[in-house]
file coords-v3.cif (mmCIF, C-alpha atoms and all ligand atoms)
data_entry
#
loop_
_atom_site.label_atom_id
_atom_site.label_comp_id
_atom_site.auth_asym_id
_atom_site.auth_seq_id
_atom_site.Cartn_x
_atom_site.Cartn_y
_atom_site.Cartn_z
CA MET M 1 0.00 0.00 0.00
CA ARG M 2 2.87 2.32 0.74
CA ASN M 3 4.24 2.01 -2.78
CA LEU M 4 0.84 2.69 -4.27
CA LEU M 5 0.56 5.77 -2.11
CA PHE M 6 3.86 7.19 -3.26
CA ILE M 7 3.01 6.52 -6.91
CA GLY M 8 -0.27 8.33 -6.32
CA ILE M 9 1.48 11.31 -4.83
CA PHE M 10 3.92 11.42 -7.73
CA ILE M 11 1.14 11.44 -10.33
CA PHE M 12 -1.49 13.66 -8.78
CA GLY M 13 0.43 15.93 -6.43
CA SER M 14 0.35 15.72 -2.66
CA ALA M 15 -2.34 18.33 -1.97
CA PHE M 16 -5.01 16.03 -3.32
CA MET M 17 -3.88 12.81 -1.74
CA ASN M 18 -4.50 11.57 1.73
CA PRO M 19 -1.81 9.36 3.22
CA GLU M 20 -2.93 5.81 3.89
CA PRO M 21 -3.82 5.02 7.52
CA PRO M 22 -0.96 2.47 7.83
CA VAL M 23 1.59 5.24 7.17
CA ILE M 24 0.14 7.35 9.98
CA LYS M 25 -0.08 4.33 12.27
CA SER M 26 3.56 3.39 11.78
CA LEU M 27 4.67 6.99 12.46
CA ILE M 28 2.63 6.97 15.67
CA ALA M 29 4.18 3.64 16.71
CA ASP M 30 7.65 5.14 16.16
CA ASP M 31 6.78 8.15 18.32
CA LEU M 32 5.05 6.20 21.09
CA PRO M 33 8.05 5.79 23.43
CA PHE M 34 8.65 9.57 23.37
CA LEU M 35 4.96 10.34 23.91
CA LEU M 36 4.66 7.84 26.74
CA GLU M 37 7.58 9.46 28.51
CA PHE M 38 6.07 12.92 27.93
CA TYR M 39 2.74 11.69 29.33
CA LYS M 40 4.27 10.31 32.51
CA THR M 41 6.29 13.48 33.06
CA ARG M 42 3.17 15.61 32.72
CA HIS M 43 1.24 13.22 34.97
CA GLN M 44 3.85 13.51 37.71
CA ASN M 45 4.05 17.29 37.44
CA PRO M 46 0.47 18.57 37.54
CA GLU M 47 -0.23 22.28 37.88
CA ILE M 48 -3.65 23.62 38.84
CA SER M 49 -5.65 26.32 37.02
CA LEU M 50 -3.78 29.59 36.40
CA GLN M 51 -0.53 28.03 37.67
CA GLU M 52 0.42 26.11 34.47
CA LYS M 53 3.84 27.76 34.23
CA GLU M 54 6.12 24.76 33.71
CA THR M 55 3.50 22.80 31.77
CA SER M 56 3.05 25.57 29.23
CA LYS M 57 6.83 25.97 28.93
CA ALA M 58 7.15 22.26 28.15
CA LEU M 59 4.45 22.45 25.47
CA ALA M 60 6.02 25.54 23.92
CA THR M 61 9.47 23.93 23.83
CA GLU M 62 8.16 20.76 22.18
CA LEU M 63 6.16 22.69 19.59
CA ARG M 64 9.21 24.76 18.68
CA THR M 65 11.26 21.60 18.30
CA ALA M 66 8.57 20.28 15.97
CA GLY M 67 8.93 23.39 13.77
CA PHE M 68 6.03 25.55 14.94
CA ASP M 69 6.17 29.31 15.37
CA VAL M 70 5.33 29.63 19.09
CA THR M 71 3.90 32.42 21.24
CA GLU M 72 3.92 31.91 25.02
CA ASN M 73 2.01 33.50 27.91
CA PHE M 74 -0.90 34.39 25.65
CA GLY M 75 -3.93 34.86 27.91
CA GLY M 76 -2.40 33.68 31.17
CA TYR M 77 -0.08 30.74 30.45
CA GLY M 78 -1.68 30.12 27.03
CA VAL M 79 0.49 28.71 24.23
CA VAL M 80 -0.11 29.27 20.51
CA GLY M 81 1.83 27.31 17.89
CA ILE M 82 1.39 28.07 14.20
CA LEU M 83 2.55 25.87 11.34
CA LYS M 84 1.95 27.58 7.99
CA ASN M 85 1.99 25.09 5.17
CA GLY M 86 0.69 26.70 1.98
CA ASP M 87 -2.81 27.63 0.87
CA GLY M 88 -5.63 25.89 2.63
CA PRO M 89 -7.89 26.17 5.66
CA MET M 90 -6.73 27.13 9.12
CA ILE M 91 -7.59 24.56 11.78
CA LEU M 92 -7.36 25.10 15.54
CA VAL M 93 -6.56 22.14 17.80
CA ARG M 94 -6.87 22.75 21.52
CA THR M 95 -5.49 21.02 24.55
CA ASP M 96 -6.14 22.18 28.08
CA MET M 97 -3.26 22.06 30.57
CA ASP M 98 -4.54 22.34 34.14
CA ALA M 99 -4.84 19.74 36.90
CA LEU M 100 -7.00 19.61 40.04
CA PRO M 101 -6.20 20.26 43.71
CA MET M 102 -6.62 16.72 45.00
CA GLU M 103 -4.47 13.84 46.14
CA GLU M 104 -3.94 10.98 43.68
CA LYS M 105 -4.87 7.52 44.99
CA THR M 106 -4.21 5.34 41.95
CA ASN M 107 -1.04 3.69 43.28
CA LEU M 108 0.44 3.81 39.77
CA GLU M 109 4.22 3.69 39.67
CA TYR M 110 4.10 7.06 37.89
CA ALA M 111 1.45 8.52 40.25
CA SER M 112 1.67 12.19 41.17
CA HIS M 113 3.03 13.11 44.59
CA ALA M 114 2.94 16.82 43.82
CA THR M 115 1.30 19.38 46.08
CA CYS M 116 -0.20 22.80 45.52
CA GLU M 117 -1.72 25.63 47.49
CA TYR M 118 -5.46 25.89 47.05
CA ALA M 119 -7.89 28.06 49.05
CA GLY M 120 -5.15 28.76 51.60
CA GLN M 121 -4.36 25.09 52.16
CA ILE M 122 -1.58 22.80 50.97
CA THR M 123 -3.10 19.83 49.17
CA GLY M 124 -2.12 17.19 46.61
CA SER M 125 -2.51 17.90 42.89
CA MET M 126 -3.49 15.46 40.20
CA HIS M 127 -4.43 15.20 36.54
CA SER M 128 -7.72 13.50 37.40
CA CYS M 129 -9.54 15.01 34.39
CA GLY M 130 -7.01 13.56 31.91
CA HIS M 131 -5.64 16.89 30.67
CA ASP M 132 -2.18 15.28 30.69
CA MET M 133 -3.51 12.80 28.12
CA HIS M 134 -5.05 15.66 26.13
CA MET M 135 -1.63 17.36 26.00
CA THR M 136 0.09 14.14 24.92
CA SER M 137 -2.38 13.42 22.11
CA TRP M 138 -2.14 17.06 21.04
CA LEU M 139 1.65 17.01 20.97
CA GLY M 140 1.71 13.67 19.14
CA THR M 141 -0.63 15.18 16.55
CA ALA M 142 1.53 18.30 16.18
CA ARG M 143 4.68 16.20 15.68
CA LEU M 144 2.99 13.92 13.17
CA MET M 145 1.46 16.77 11.16
CA ALA M 146 4.88 18.46 11.01
CA LYS M 147 6.49 15.24 9.77
CA MET M 148 3.78 14.81 7.12
CA LYS M 149 3.84 18.37 5.80
CA ASN M 150 3.93 17.12 2.22
CA GLU M 151 0.55 15.48 2.66
CA TRP M 152 -1.59 18.52 3.50
CA LYS M 153 -1.93 22.24 2.84
CA GLY M 154 -3.17 24.94 5.16
CA THR M 155 -2.34 26.40 8.57
CA LEU M 156 -2.32 24.38 11.76
CA MET M 157 -2.97 26.35 14.95
CA MET M 158 -2.13 24.30 18.04
CA ILE M 159 -3.22 25.97 21.28
CA GLY M 160 -2.45 25.06 24.88
CA GLN M 161 -5.25 26.52 26.99
CA PRO M 162 -4.92 27.31 30.68
CA ALA M 163 -7.60 27.23 33.39
CA GLU M 164 -10.21 24.94 31.87
CA GLU M 165 -11.24 23.59 35.27
CA ILE M 166 -12.43 27.01 36.36
CA GLY M 167 -14.05 27.70 32.98
CA GLU M 168 -11.91 30.75 32.26
CA GLY M 169 -9.03 29.75 29.99
CA SER M 170 -10.72 29.98 26.59
CA GLU M 171 -12.06 33.41 27.48
CA LEU M 172 -8.57 34.53 28.58
CA MET M 173 -7.09 33.50 25.23
CA LEU M 174 -9.92 34.95 23.14
CA LYS M 175 -9.85 38.22 25.08
CA ALA M 176 -6.07 38.41 24.59
CA GLY M 177 -6.89 38.55 20.85
CA LEU M 178 -6.31 34.97 19.68
CA TYR M 179 -8.33 35.38 16.46
CA GLU M 180 -7.24 39.00 15.86
CA LYS M 181 -3.55 38.20 16.15
CA PHE M 182 -3.33 34.74 14.56
CA GLY M 183 -6.41 34.74 12.29
CA VAL M 184 -9.88 33.23 12.57
CA PRO M 185 -9.66 29.47 12.11
CA ASP M 186 -11.98 27.74 9.63
CA TYR M 187 -12.50 24.84 12.05
CA GLY M 188 -11.72 23.96 15.66
CA MET M 189 -11.17 20.53 17.21
CA ALA M 190 -10.52 19.18 20.69
CA LEU M 191 -10.89 15.93 22.59
CA HIS M 192 -11.67 15.01 26.17
CA CYS M 193 -10.89 11.78 27.99
CA SER M 194 -13.93 9.61 28.65
CA PRO M 195 -14.02 7.60 31.89
CA THR M 196 -16.53 5.11 30.45
CA ILE M 197 -15.51 4.55 26.79
CA PRO M 198 -12.90 1.77 26.35
CA ALA M 199 -9.40 2.71 25.19
CA GLY M 200 -9.22 2.26 21.41
CA GLN M 201 -12.62 3.87 20.82
CA VAL M 202 -13.83 7.46 20.39
CA GLY M 203 -17.31 8.95 20.90
CA PHE M 204 -19.08 11.75 19.07
CA GLY M 205 -22.27 13.70 19.70
CA LYS M 206 -23.88 16.17 17.28
CA GLY M 207 -25.35 19.58 18.13
CA TYR M 208 -25.43 20.45 21.84
CA THR M 209 -23.28 17.91 23.70
CA MET M 210 -22.46 19.81 26.90
CA ALA M 211 -24.36 22.40 28.87
CA ASN M 212 -24.35 26.09 29.76
CA THR M 213 -22.87 25.83 33.24
CA GLU M 214 -23.34 28.51 35.85
CA SER M 215 -23.25 29.05 39.59
CA ILE M 216 -26.06 31.13 41.11
CA ASP M 217 -26.17 32.46 44.67
CA ILE M 218 -29.34 33.28 46.59
CA LYS M 219 -29.35 35.23 49.83
CA VAL M 220 -32.59 34.80 51.76
CA PHE M 221 -33.35 37.39 54.43
CA GLY M 222 -35.67 37.08 57.42
CA VAL M 223 -36.27 38.34 60.90
CA GLY M 224 -34.33 36.46 63.58
CA ALA M 225 -35.69 35.50 67.00
CA HIS M 226 -35.38 33.03 69.90
CA GLY M 227 -35.98 29.46 68.69
CA ALA M 228 -38.70 29.14 71.34
CA ALA M 229 -40.54 32.21 70.03
CA PRO M 230 -40.94 31.55 66.31
CA HIS M 231 -43.97 33.87 66.12
CA MET M 232 -41.53 36.76 66.70
CA SER M 233 -39.56 35.78 63.58
CA ILE M 234 -39.92 35.58 59.84
CA ASP M 235 -37.86 32.42 59.59
CA PRO M 236 -35.39 32.44 56.67
CA VAL M 237 -34.64 28.71 57.24
CA VAL M 238 -38.27 27.91 56.46
CA ILE M 239 -38.33 30.40 53.55
CA GLY M 240 -35.07 28.96 52.17
CA SER M 241 -36.45 25.43 52.46
CA MET M 242 -39.64 26.41 50.62
CA ILE M 243 -37.53 28.01 47.88
CA VAL M 244 -35.50 24.80 47.53
CA MET M 245 -38.70 22.78 47.11
CA ASP M 246 -40.31 25.25 44.70
CA LEU M 247 -37.14 25.35 42.57
CA GLN M 248 -37.79 21.65 41.82
CA THR M 249 -40.90 22.69 39.85
CA ILE M 250 -38.87 24.63 37.25
CA VAL M 251 -37.67 21.49 35.50
CA SER M 252 -40.79 19.41 36.27
CA ARG M 253 -43.49 22.04 35.51
CA ASN M 254 -42.05 24.98 33.53
CA LEU M 255 -39.69 23.23 31.11
CA LYS M 256 -41.03 21.73 27.90
CA PRO M 257 -40.78 17.94 28.39
CA THR M 258 -38.59 17.58 25.30
CA GLU M 259 -36.03 20.13 26.57
CA SER M 260 -33.35 19.66 29.25
CA ALA M 261 -32.16 21.58 32.28
CA VAL M 262 -30.77 20.97 35.76
CA VAL M 263 -31.38 23.12 38.83
CA THR M 264 -29.40 21.73 41.77
CA VAL M 265 -29.06 23.36 45.17
CA GLY M 266 -25.65 22.13 46.21
CA ALA M 267 -25.30 24.10 49.43
CA ILE M 268 -27.66 25.64 51.99
CA LYS M 269 -26.23 27.54 54.92
CA GLY M 270 -27.86 29.47 57.73
CA GLY M 271 -27.83 29.78 61.46
CA ILE M 272 -25.33 28.72 64.07
CA LYS M 273 -27.17 27.31 67.10
CA HIS M 274 -30.16 25.09 67.87
CA ASN M 275 -32.28 27.75 69.55
CA ILE M 276 -31.59 30.82 67.44
CA ILE M 277 -33.66 31.59 64.36
CA PRO M 278 -31.14 33.39 62.11
CA ASP M 279 -31.87 36.38 59.95
CA GLU M 280 -30.14 35.10 56.82
CA VAL M 281 -29.75 31.88 54.80
CA THR M 282 -27.69 31.37 51.65
CA LEU M 283 -28.30 28.88 48.84
CA LYS M 284 -25.75 27.88 46.21
CA LEU M 285 -27.07 26.54 42.93
CA THR M 286 -25.60 24.98 39.83
CA VAL M 287 -27.76 25.51 36.77
CA ARG M 288 -27.28 23.60 33.51
CA THR M 289 -29.09 24.32 30.23
CA TYR M 290 -28.44 23.98 26.50
CA THR M 291 -30.27 26.81 24.74
CA PRO M 292 -30.33 30.57 25.49
CA GLU M 293 -34.15 30.44 25.67
CA VAL M 294 -34.25 27.73 28.34
CA ARG M 295 -31.47 29.47 30.24
CA ALA M 296 -33.45 32.75 30.29
CA MET M 297 -36.61 30.92 31.40
CA VAL M 298 -34.77 29.22 34.30
CA HIS M 299 -33.33 32.55 35.46
CA LYS M 300 -36.77 34.18 35.33
CA ARG M 301 -38.43 31.41 37.34
CA ILE M 302 -35.67 31.36 39.98
CA LYS M 303 -36.23 35.10 40.58
CA GLU M 304 -40.04 34.76 40.57
CA ILE M 305 -40.01 31.83 43.00
CA CYS M 306 -37.66 33.60 45.42
CA ARG M 307 -39.73 36.76 45.39
CA GLY M 308 -43.05 34.90 45.55
CA VAL M 309 -42.06 32.78 48.57
CA ALA M 310 -40.68 35.86 50.37
CA ILE M 311 -43.88 37.85 49.80
CA ALA M 312 -46.01 34.91 51.01
CA ALA M 313 -43.88 34.79 54.18
CA GLY M 314 -44.69 38.44 54.88
CA LEU M 315 -41.27 39.95 54.22
CA SER M 316 -41.10 43.63 53.33
CA GLU M 317 -39.85 44.92 49.97
CA ASP M 318 -36.40 45.73 51.40
CA LYS M 319 -35.99 42.09 52.52
CA MET M 320 -36.67 40.36 49.20
CA PRO M 321 -34.12 37.59 48.44
CA GLU M 322 -31.02 38.59 46.49
CA VAL M 323 -30.40 36.42 43.43
CA THR M 324 -26.88 36.80 42.01
CA ILE M 325 -26.35 35.48 38.49
CA PRO M 326 -22.74 36.13 37.36
CA ALA M 327 -22.40 37.61 33.88
CA SER M 328 -19.69 35.09 33.04
CA PHE M 329 -20.55 31.41 32.60
CA THR M 330 -19.32 28.39 30.65
CA PRO M 331 -21.41 28.26 27.47
CA ALA M 332 -22.94 25.06 26.08
CA ASN M 333 -20.74 23.10 23.69
CA TYR M 334 -22.18 22.80 20.18
CA ASN M 335 -20.67 20.22 17.85
CA HIS M 336 -21.05 21.28 14.23
CA PRO M 337 -22.91 18.38 12.54
CA ASP M 338 -21.04 18.47 9.17
CA LEU M 339 -17.65 18.54 10.89
CA VAL M 340 -18.73 15.64 13.15
CA ASP M 341 -19.61 13.62 10.02
CA LYS M 342 -16.18 14.25 8.48
CA MET M 343 -14.35 13.42 11.71
CA MET M 344 -16.33 10.22 12.30
CA VAL M 345 -15.34 9.02 8.83
CA ALA M 346 -11.70 9.94 9.54
CA ALA M 347 -11.83 8.12 12.88
CA GLY M 348 -13.32 5.03 11.25
CA LYS M 349 -10.41 4.86 8.80
CA MET M 350 -7.92 4.72 11.66
CA ILE M 351 -9.61 2.59 14.32
CA GLY M 352 -12.45 0.86 12.48
CA GLU M 353 -16.05 2.10 12.24
CA GLU M 354 -17.11 -0.25 15.05
CA ASN M 355 -14.89 1.74 17.41
CA VAL M 356 -16.51 5.10 16.61
CA VAL M 357 -19.52 5.38 18.88
CA ASP M 358 -22.41 7.81 19.34
CA VAL M 359 -22.51 9.56 22.71
CA GLU M 360 -25.55 11.16 24.30
CA PRO M 361 -25.34 14.80 25.45
CA LEU M 362 -24.22 15.42 29.03
CA MET M 363 -24.90 18.26 31.43
CA LEU M 364 -21.18 18.77 32.08
CA GLY M 365 -19.49 22.02 31.09
CA GLU M 366 -16.36 22.55 28.94
CA ASP M 367 -15.08 25.95 28.04
CA PHE M 368 -13.73 24.83 24.64
CA ALA M 369 -17.26 25.81 23.53
CA ARG M 370 -16.24 29.48 23.47
CA PHE M 371 -13.88 29.01 20.51
CA GLY M 372 -16.96 28.32 18.37
CA GLN M 373 -19.15 31.01 19.85
CA THR M 374 -17.47 34.26 18.92
CA GLU M 375 -19.19 36.32 16.22
CA ASP M 376 -17.09 34.34 13.69
CA LYS M 377 -19.09 31.17 14.53
CA VAL M 378 -16.16 28.84 13.85
CA PRO M 379 -17.48 25.27 13.37
CA THR M 380 -16.02 23.24 16.25
CA VAL M 381 -16.14 19.67 17.55
CA LEU M 382 -15.20 18.35 20.99
CA TYR M 383 -15.20 14.56 21.03
CA TRP M 384 -14.59 11.84 23.63
CA LEU M 385 -11.42 9.80 23.70
CA GLY M 386 -11.90 6.34 25.22
CA THR M 387 -9.41 5.68 28.03
CA VAL M 388 -10.71 2.81 30.12
CA PRO M 389 -8.38 -0.19 30.53
CA GLU M 390 -9.93 -3.55 29.69
CA SER M 391 -9.09 -4.90 33.14
CA ARG M 392 -11.19 -2.18 34.75
CA ILE M 393 -14.15 -2.82 32.43
CA ALA M 394 -14.02 -6.53 33.35
CA GLU M 395 -14.05 -5.67 37.05
CA GLY M 396 -16.75 -3.00 36.67
CA ASP M 397 -14.34 -0.59 38.34
CA LEU M 398 -14.93 2.70 36.50
CA PRO M 399 -13.99 5.78 38.53
CA GLY M 400 -15.25 9.00 36.94
CA LEU M 401 -13.34 12.13 35.97
CA HIS M 402 -12.17 14.09 39.03
CA SER M 403 -11.96 10.85 41.03
CA PRO M 404 -8.62 10.27 42.84
CA PHE M 405 -8.70 6.77 41.34
CA TYR M 406 -9.19 7.78 37.68
CA TYR M 407 -6.46 7.06 35.16
CA PRO M 408 -6.36 6.34 31.42
CA THR M 409 -4.51 3.32 30.07
CA PRO M 410 -1.64 5.21 28.42
CA GLU M 411 -0.39 3.40 25.27
CA LYS M 412 -3.70 2.56 23.59
CA THR M 413 -5.21 5.91 24.52
CA ILE M 414 -2.27 7.91 23.14
CA GLU M 415 -2.27 5.88 19.91
CA THR M 416 -5.99 6.42 19.42
CA GLY M 417 -5.84 10.08 20.39
CA VAL M 418 -3.08 10.92 17.92
CA ALA M 419 -4.48 8.71 15.14
CA VAL M 420 -8.02 10.12 15.18
CA MET M 421 -7.00 13.75 15.52
CA SER M 422 -4.30 13.50 12.83
CA GLN M 423 -6.55 11.73 10.32
CA SER M 424 -9.33 14.24 11.03
CA LEU M 425 -6.92 17.07 10.26
CA MET M 426 -5.65 15.37 7.08
CA ASP M 427 -9.20 14.83 5.84
CA VAL M 428 -10.39 18.36 6.59
CA PHE M 429 -7.20 20.00 5.22
CA ASN M 430 -7.47 17.98 2.02
CA PHE M 431 -11.23 18.12 1.61
ZN ZN M 501 -12.36 18.47 34.75
ZN ZN M 502 -11.43 18.24 31.71
#

call {"tool": "encode", "arguments": {"input": "coords-v3.cif", "output": "structure tokens"}}
result
Amino acid sequence: MRNLLFIGIFIFGSAFMNPEPPVIKSLIADDLPFLLEFYKTRHQNPEISLQEKETSKALATELRTAGFDVTENFGGYGVVGILKNGDGPMILVRTDMDALPMEEKTNLEYASHATCEYAGQITGSMHSCGHDMHMTSWLGTARLMAKMKNEWKGTLMMIGQPAEEIGEGSELMLKAGLYEKFGVPDYGMALHCSPTIPAGQVGFGKGYTMANTESIDIKVFGVGAHGAAPHMSIDPVVIGSMIVMDLQTIVSRNLKPTESAVVTVGAIKGGIKHNIIPDEVTLKLTVRTYTPEVRAMVHKRIKEICRGVAIAAGLSEDKMPEVTIPASFTPANYNHPDLVDKMMVAAGKMIGEENVVDVEPLMLGEDFARFGQTEDKVPTVLYWLGTVPESRIAEGDLPGLHSPFYYPTPEKTIETGVAVMSQSLMDVFNF
């Protein structure tokens, strides 16, 4: 097949030919020892959001070695690598770089023993969301695309994004002028480790695949009193509890049954002692939606319910609950259907169609979404990279992302990550 490929290139010119999957696979196999080492180094040296100093330096150094023109510290510790390779589309490929402030409990021989300071405390740090694997697949792709420059035309924009775990990194890079300085890409691609899909497979969803994710705070006021004299109070604990119950009706009664949303009260705090009715209670909510319309409806109902319950309790106008909805939130991820189709075909060529699976939308958040939601409306796709070792599937032992026990099986996951992303790029560059 290799000979046929080279004859084809000779006759028709490289811009119109896609390299055969076996060529890409053998290049990945050659690079695997390097990538494995890179993965373990990143795994053992995690850095949490907005502290990705050494991680971003490592990515920048490797990209430069691969022949990219690299800009560092772009939007926090953001890295931008550009490889111009003739006329053709510009494609953005993102990796995130940050880890989480938690102690690793995998007992792997390459487990992280690193620590970090978080919220004033020293704690362990760990790549429990697989961003170390994202970086490795991303770097493997960059190296392979640089080696195969004769097989595609266009501009490859590889970006290392900081602070994904706090939903801020993509905004930092866009606000720093990513598209103004380097150009608006024609397409954007990224992957995320899946804690349920087996290594060797990838998963795609079309349209909305992840949710608008936002944190809303509610401060409920009341009139405090002795716990034995409740008639002297307007009890904010009771008002807060009624609000929590009424909030449940937003999804069950106000939302169209065919739409989706989540309204979760994750924290309720008020009072200090058994026999004191406090004068304030706070509620902390996470709200997940897909469309702007549903999001606006949920906001409206939260405000109406809070106000309605407070009025019914007899509170005066100056003691209405305060609902704080931050202007900034992680927007819903939208996978462009045509680009998904192209990438699923590309993935099938590399790993077999049976290993390319459909994935249902989730209510998680991922700030990659923002790269497709500027006024330029860049078509983007964020897909799932299977990571689960076969031994764990057999045992039914499947820790989720952000678990101290989560880890991808490295070799197979790296191979699949690089293969699918590289073939997707080849196909879209040469389309
Ligand atoms: Zn995460
Ligand atoms: Zn993540």

call {"tool": "residues_near_ligand", "arguments": {"input": "coords-v3.cif", "ligand": "ligand ZN 502 (chain M)", "cutoff": "9 Å", "atoms": "only C-alpha atoms and all ligand atoms", "output": "PDB file with C-alpha atoms, in the coordinates of the input"}}
result
ATOM      1  CA  ASP M  96      -6.140  22.180  28.080  1.00  0.00           C
ATOM      2  CA  ASP M  98      -4.540  22.340  34.140  1.00  0.00           C
ATOM      3  CA  ALA M  99      -4.840  19.740  36.900  1.00  0.00           C
ATOM      4  CA  SER M 128      -7.720  13.500  37.400  1.00  0.00           C
ATOM      5  CA  CYS M 129      -9.540  15.010  34.390  1.00  0.00           C
ATOM      6  CA  GLY M 130      -7.010  13.560  31.910  1.00  0.00           C
ATOM      7  CA  HIS M 131      -5.640  16.890  30.670  1.00  0.00           C
ATOM      8  CA  HIS M 134      -5.050  15.660  26.130  1.00  0.00           C
ATOM      9  CA  GLU M 164     -10.210  24.940  31.870  1.00  0.00           C
ATOM     10  CA  GLU M 165     -11.240  23.590  35.270  1.00  0.00           C
ATOM     11  CA  HIS M 192     -11.670  15.010  26.170  1.00  0.00           C
ATOM     12  CA  CYS M 193     -10.890  11.780  27.990  1.00  0.00           C
ATOM     13  CA  GLY M 365     -19.490  22.020  31.090  1.00  0.00           C
ATOM     14  CA  GLU M 366     -16.360  22.550  28.940  1.00  0.00           C
ATOM     15  CA  LEU M 401     -13.340  12.130  35.970  1.00  0.00           C
ATOM     16  CA  HIS M 402     -12.170  14.090  39.030  1.00  0.00           C
TER      17      HIS M 402
END

call {"tool": "atom_distance", "arguments": {"input": "coords-v3.cif", "atom1": "CA of Ala296 (chain M)", "atom2": "CA of Leu283 (chain M)"}}
result
19.6 Å

call {"tool": "closest_residue", "arguments": {"input": "coords-v3.cif", "among": "M:Pro89, M:Pro257, M:Pro195, M:Pro19", "to": "ligand ZN 501 (chain M)", "atoms": "only C-alpha atoms and all ligand atoms"}}
result
M:Pro195

call {"tool": "residues_around", "arguments": {"input": "coords-v3.cif", "residues": "Val340 (chain M)", "least_positions_apart": "2", "cutoff": "8 Å", "atoms": "only C-alpha atoms", "output": "PyMOL selection string"}}
result
chain M and resi 204-206+335-338+342-344+381

call {"tool": "residues_around", "arguments": {"input": "coords-v3.cif", "residues": "region 212-216 of chain M", "least_positions_apart": "2", "cutoff": "7 Å", "atoms": "only C-alpha atoms", "output": "list in words"}}
result
Ile218, Lys284, Leu285, Thr286, Val287, Arg288, Thr289, Tyr290, Thr324, Ile325, Phe329, Thr330, Pro331, Ala332 and Gly365 of chain M

call {"tool": "decode", "arguments": {"input": "coords-v3.cif", "residues": "region 255-259 of chain M", "atoms": "all heavy atoms", "output": "mmCIF file, in the first residue's frame"}}
result
data_model
loop_
_atom_site.group_PDB
_atom_site.id
_atom_site.type_symbol
_atom_site.label_atom_id
_atom_site.label_comp_id
_atom_site.auth_asym_id
_atom_site.auth_seq_id
_atom_site.Cartn_x
_atom_site.Cartn_y
_atom_site.Cartn_z
ATOM 1 N N LEU M 255 -40.504 23.591 32.278
ATOM 2 C CA LEU M 255 -39.688 23.233 31.114
ATOM 3 C C LEU M 255 -40.491 22.318 30.195
ATOM 4 O O LEU M 255 -41.158 21.393 30.661
ATOM 5 C CB LEU M 255 -38.435 22.505 31.601
ATOM 6 C CG LEU M 255 -37.379 22.182 30.556
ATOM 7 C CD1 LEU M 255 -36.714 23.455 30.053
ATOM 8 C CD2 LEU M 255 -36.316 21.258 31.146
ATOM 9 N N LYS M 256 -40.392 22.614 28.885
ATOM 10 C CA LYS M 256 -41.030 21.730 27.899
ATOM 11 C C LYS M 256 -40.458 20.319 28.083
ATOM 12 O O LYS M 256 -39.233 20.171 28.210
ATOM 13 C CB LYS M 256 -40.662 22.243 26.512
ATOM 14 C CG LYS M 256 -41.750 22.129 25.488
ATOM 15 C CD LYS M 256 -41.362 22.996 24.316
ATOM 16 C CE LYS M 256 -41.423 22.155 23.062
ATOM 17 N NZ LYS M 256 -40.884 22.848 21.915
ATOM 18 N N PRO M 257 -41.302 19.285 28.101
ATOM 19 C CA PRO M 257 -40.784 17.938 28.393
ATOM 20 C C PRO M 257 -39.687 17.459 27.448
ATOM 21 O O PRO M 257 -38.892 16.597 27.803
ATOM 22 C CB PRO M 257 -42.028 17.051 28.264
ATOM 23 C CG PRO M 257 -43.181 17.971 28.460
ATOM 24 C CD PRO M 257 -42.758 19.305 27.945
ATOM 25 N N THR M 258 -39.621 18.026 26.248
ATOM 26 C CA THR M 258 -38.591 17.579 25.296
ATOM 27 C C THR M 258 -37.271 18.349 25.448
ATOM 28 O O THR M 258 -36.308 18.088 24.746
ATOM 29 C CB THR M 258 -39.103 17.751 23.861
ATOM 30 O OG1 THR M 258 -39.662 19.065 23.745
ATOM 31 C CG2 THR M 258 -40.149 16.712 23.524
ATOM 32 N N GLU M 259 -37.255 19.357 26.337
ATOM 33 C CA GLU M 259 -36.026 20.125 26.569
ATOM 34 C C GLU M 259 -35.332 19.615 27.831
ATOM 35 O O GLU M 259 -35.900 18.827 28.585
ATOM 36 C CB GLU M 259 -36.369 21.608 26.765
ATOM 37 C CG GLU M 259 -37.148 22.218 25.632
ATOM 38 C CD GLU M 259 -36.287 22.983 24.659
ATOM 39 O OE1 GLU M 259 -35.073 22.675 24.571
ATOM 40 O OE2 GLU M 259 -36.803 23.881 24.002
#
